[in-house]
Amino acid sequence: MARATPPTSSFPRPRRSRHMPTPDGRISRKTVLKAAVALGAAPLLFGGGIALAREQAGGGALTPTPACHDGDEPTAEQTEGPYFKPDSPLRADLSADGPGAPLTVSGYVFGRACLPISGVLLDFWQADDGGNYDNAGYTFRGHQFTDAQGAFKLTTIVPGLYPGRTRHLHVKLQAPGRPVLTTQLYFPGEPRNTTDTIFDARLLMNVRQSGPGREGSYDFVLDVPQAPGSPSPSPSPTPTATPTGTPTPPPGGSWTPGRTYAPGDRVGYSGASYVCLQAHTAMAGWEPPNVPALWRRS
């Protein structure tokens, strides 16, 4: 039977306006509220914050995550669990990996001053419709990078349930040159949310039904210091000499997990030479041949 094509999401465009920075680079809370009303979300306000799907899921007012103001708390960390697998393919669409109800998850990645961050690596993995993880291959596994506006979009299916856990998605995030954040995303209204010992209401997505599938959204906040009005950390060109000094020479040598690389750095891996395209901290699974967005063979 032919796979149902996920309906075109109406989230990305309104959500983009929701978080569009003001001329000074800041996020306007008024913009957030206007966009929420435009979406027909009829937001409830708790303590001056915004309450959408995640506040309606478990009874009582929950603290929004994130709220758009200076000094945001970073998104909560969670265990990666036993099913993480490095070397996932570079792709944002996992929907062809197996049957299931269509799901799109979109959002933005912000730093501590609620400024968007481009070039953030997001590595997603999940169970299939039957609640099984593919540990032999890369079914329902893939990584992507935020665009120039700090936005991401994952196209997949609603993950199945398995014993002991509620419905969830796994994700690792890393801003250029920053530590990795490992966490999970949850669905509102799931009966097992109340019995899952790992479940964290701060990680509930905003989810709505869209035809046969669902549309979800979530905005991550990374522990990246930002000054109001400062530009988003993003890939930079190869350093050039300045009147006051010379650029730091590339580290050279073999590619090494845990080492921080800058654009222009050159390394060797499996007998080949690579040049770094984006600042990042190397980790297992992101070897040069596997992440063409980070390394180019030279």
# chains A, B, ... in the order shown; residues from 1 in each chain; ligands from 1
>>> residues_around(residues="A:Gln78", least_positions_apart="6", cutoff="12 Å", atoms="only C-alpha atoms", output="list in words")
His168, Leu169, His170, Val171, Lys172, Leu173, Val180, Leu181, Thr182, Thr183, Gln184, Leu185, Tyr186, Thr197, Ile198, Phe199, Asp200, Arg202 and Leu203 of chain A
>>> select_by_dssp(residues="stretch 117-190 of chain A", states="strand (DSSP E or B)", output="PyMOL selection string")
chain A and resi 121-125+141-145+151-157+168-174+180-186
>>> closest_residue(among="A:Thr194, A:Asn290, A:Pro179, A:Phe110", to="A:His143", atoms="only C-alpha atoms")
A:Asn290
>>> residues_around(residues="A:Gly142", least_positions_apart="2", cutoff="6 Å", atoms="only C-alpha atoms", output="PyMOL selection string")
chain A and resi 88-91+123-124
>>> residues_around(residues="stretch 253-255 of chain A", least_positions_apart="5", cutoff="10 Å", atoms="only C-alpha atoms", output="PyMOL selection string")
chain A and resi 261+265-274+282-283+287-288
>>> write_last_selection(atoms="N, CA and C atoms", output="short mmCIF file (atom, residue, chain, number, x, y, z; two decimals), in the first residue's frame")
data_model
loop_
_atom_site.label_atom_id
_atom_site.label_comp_id
_atom_site.auth_asym_id
_atom_site.auth_seq_id
_atom_site.Cartn_x
_atom_site.Cartn_y
_atom_site.Cartn_z
N TYR A 261 37.98 21.74 16.57
CA TYR A 261 38.52 22.13 15.26
C TYR A 261 37.86 23.42 14.79
N ASP A 265 41.15 24.02 9.49
CA ASP A 265 42.02 22.99 10.06
C ASP A 265 42.04 21.77 9.14
N ARG A 266 43.22 21.15 9.06
CA ARG A 266 43.37 19.96 8.21
C ARG A 266 43.78 18.77 9.06
N VAL A 267 43.17 17.63 8.75
CA VAL A 267 43.46 16.41 9.49
C VAL A 267 43.58 15.25 8.51
N GLY A 268 44.14 14.16 9.02
CA GLY A 268 44.17 12.93 8.26
C GLY A 268 43.25 11.91 8.89
N TYR A 269 42.56 11.12 8.04
CA TYR A 269 41.69 10.07 8.55
C TYR A 269 41.62 8.95 7.52
N SER A 270 41.97 7.74 7.95
CA SER A 270 41.93 6.55 7.09
C SER A 270 42.69 6.78 5.78
N GLY A 271 43.84 7.42 5.89
CA GLY A 271 44.69 7.62 4.73
C GLY A 271 44.32 8.77 3.83
N ALA A 272 43.26 9.51 4.17
CA ALA A 272 42.84 10.66 3.37
C ALA A 272 43.00 11.95 4.17
N SER A 273 43.07 13.06 3.46
CA SER A 273 43.20 14.38 4.09
C SER A 273 41.87 15.12 4.00
N TYR A 274 41.51 15.83 5.08
CA TYR A 274 40.26 16.56 5.13
C TYR A 274 40.49 17.97 5.67
N ALA A 282 35.00 17.46 17.96
CA ALA A 282 34.87 16.14 17.36
C ALA A 282 34.36 15.13 18.37
N MET A 283 33.56 14.20 17.89
CA MET A 283 33.08 13.11 18.74
C MET A 283 32.91 11.86 17.89
N GLU A 287 33.02 11.22 12.32
CA GLU A 287 34.29 11.14 11.62
C GLU A 287 34.19 11.88 10.28
N PRO A 288 35.29 12.43 9.77
CA PRO A 288 35.25 13.25 8.56
C PRO A 288 34.47 12.66 7.39
#
>>> residues_around(residues="A:Ala262", least_positions_apart="5", cutoff="8 Å", atoms="only C-alpha atoms", output="JSON, numbers by chain")
{"A": [177, 250, 276, 277, 278, 279, 280]}
>>> residues_around(residues="stretch 96-100 of chain A", least_positions_apart="2", cutoff="9 Å", atoms="only C-alpha atoms", output="VMD selection string")
chain A and resid 3 93 to 94 102 to 103 128 to 130 138 to 140 156 to 160 213
>>> write_last_selection(atoms="N, CA, C and O atoms", output="short mmCIF file (atom, residue, chain, number, x, y, z; two decimals), in the first residue's frame")
data_model
loop_
_atom_site.label_atom_id
_atom_site.label_comp_id
_atom_site.auth_asym_id
_atom_site.auth_seq_id
_atom_site.Cartn_x
_atom_site.Cartn_y
_atom_site.Cartn_z
N ARG A 3 2.52 4.75 0.71
CA ARG A 3 2.65 5.52 1.94
C ARG A 3 1.92 6.84 1.81
O ARG A 3 2.01 7.52 0.78
N ASP A 93 14.86 13.73 6.54
CA ASP A 93 13.61 13.02 6.24
C ASP A 93 13.81 11.53 6.48
O ASP A 93 14.58 10.87 5.77
N LEU A 94 13.14 11.00 7.51
CA LEU A 94 13.23 9.59 7.86
C LEU A 94 11.95 8.84 7.52
O LEU A 94 11.82 7.66 7.82
N PRO A 102 2.40 9.89 9.88
CA PRO A 102 3.39 10.93 9.57
C PRO A 102 3.56 11.90 10.74
O PRO A 102 2.61 12.25 11.44
N LEU A 103 4.80 12.33 10.93
CA LEU A 103 5.13 13.30 11.98
C LEU A 103 6.18 14.26 11.45
O LEU A 103 7.18 13.84 10.87
N ASP A 128 10.75 2.48 15.70
CA ASP A 128 9.82 2.43 14.58
C ASP A 128 8.38 2.31 15.09
O ASP A 128 8.14 2.40 16.31
N ASP A 129 7.44 2.09 14.19
CA ASP A 129 6.03 2.04 14.56
C ASP A 129 5.73 0.91 15.55
O ASP A 129 4.78 0.99 16.32
N GLY A 130 6.56 -0.14 15.53
CA GLY A 130 6.35 -1.26 16.44
C GLY A 130 7.12 -1.15 17.73
O GLY A 130 7.11 -2.09 18.55
N TYR A 138 20.58 1.91 10.00
CA TYR A 138 20.32 3.30 10.39
C TYR A 138 18.86 3.68 10.11
O TYR A 138 18.57 4.83 9.80
N THR A 139 17.96 2.72 10.26
CA THR A 139 16.54 3.01 10.13
C THR A 139 16.11 3.97 11.24
O THR A 139 16.42 3.76 12.40
N PHE A 140 15.41 5.03 10.84
CA PHE A 140 14.94 6.07 11.75
C PHE A 140 16.10 6.69 12.56
O PHE A 140 15.99 6.92 13.77
N THR A 156 9.37 12.48 9.83
CA THR A 156 9.51 11.10 10.28
C THR A 156 8.13 10.49 10.50
O THR A 156 7.15 10.90 9.85
N ILE A 157 8.02 9.51 11.37
CA ILE A 157 6.73 8.94 11.78
C ILE A 157 6.61 9.04 13.29
O ILE A 157 7.61 9.26 13.98
N VAL A 158 5.40 8.88 13.80
CA VAL A 158 5.20 8.85 15.24
C VAL A 158 5.84 7.56 15.77
O VAL A 158 5.51 6.47 15.31
N PRO A 159 6.77 7.66 16.71
CA PRO A 159 7.44 6.45 17.21
C PRO A 159 6.48 5.55 17.98
O PRO A 159 5.55 6.03 18.64
N GLY A 160 6.72 4.24 17.92
CA GLY A 160 5.89 3.29 18.63
C GLY A 160 6.28 3.18 20.09
O GLY A 160 7.30 3.73 20.54
N GLY A 213 -1.67 12.47 10.27
CA GLY A 213 -0.44 12.57 11.04
C GLY A 213 -0.47 13.67 12.07
O GLY A 213 -1.52 14.19 12.43
#
>>> closest_residue(among="A:Gln209, A:Gly119, A:Glu215, A:Arg165", to="A:Gly150", atoms="only C-alpha atoms")
A:Gly119
>>> atom_distance(atom1="atom CA of A:Trp295", atom2="atom CA of A:Ile117")
19.6 Å
>>> atom_distance(atom1="atom CA of A:Pro257", atom2="atom CA of A:Ala284")
6.0 Å
>>> residues_around(residues="A:Leu161", least_positions_apart="5", cutoff="12 Å", atoms="only C-alpha atoms", output="PyMOL selection string")
chain A and resi 126-133+166-169+187+190-193+196
>>> closest_residue(among="A:Val105, A:Val120, A:Val224, A:Tyr83", to="A:Gly137", atoms="only C-alpha atoms")
A:Tyr83
>>> atom_distance(atom1="atom CA of A:Phe220", atom2="atom CA of A:Asn135")
26.9 Å
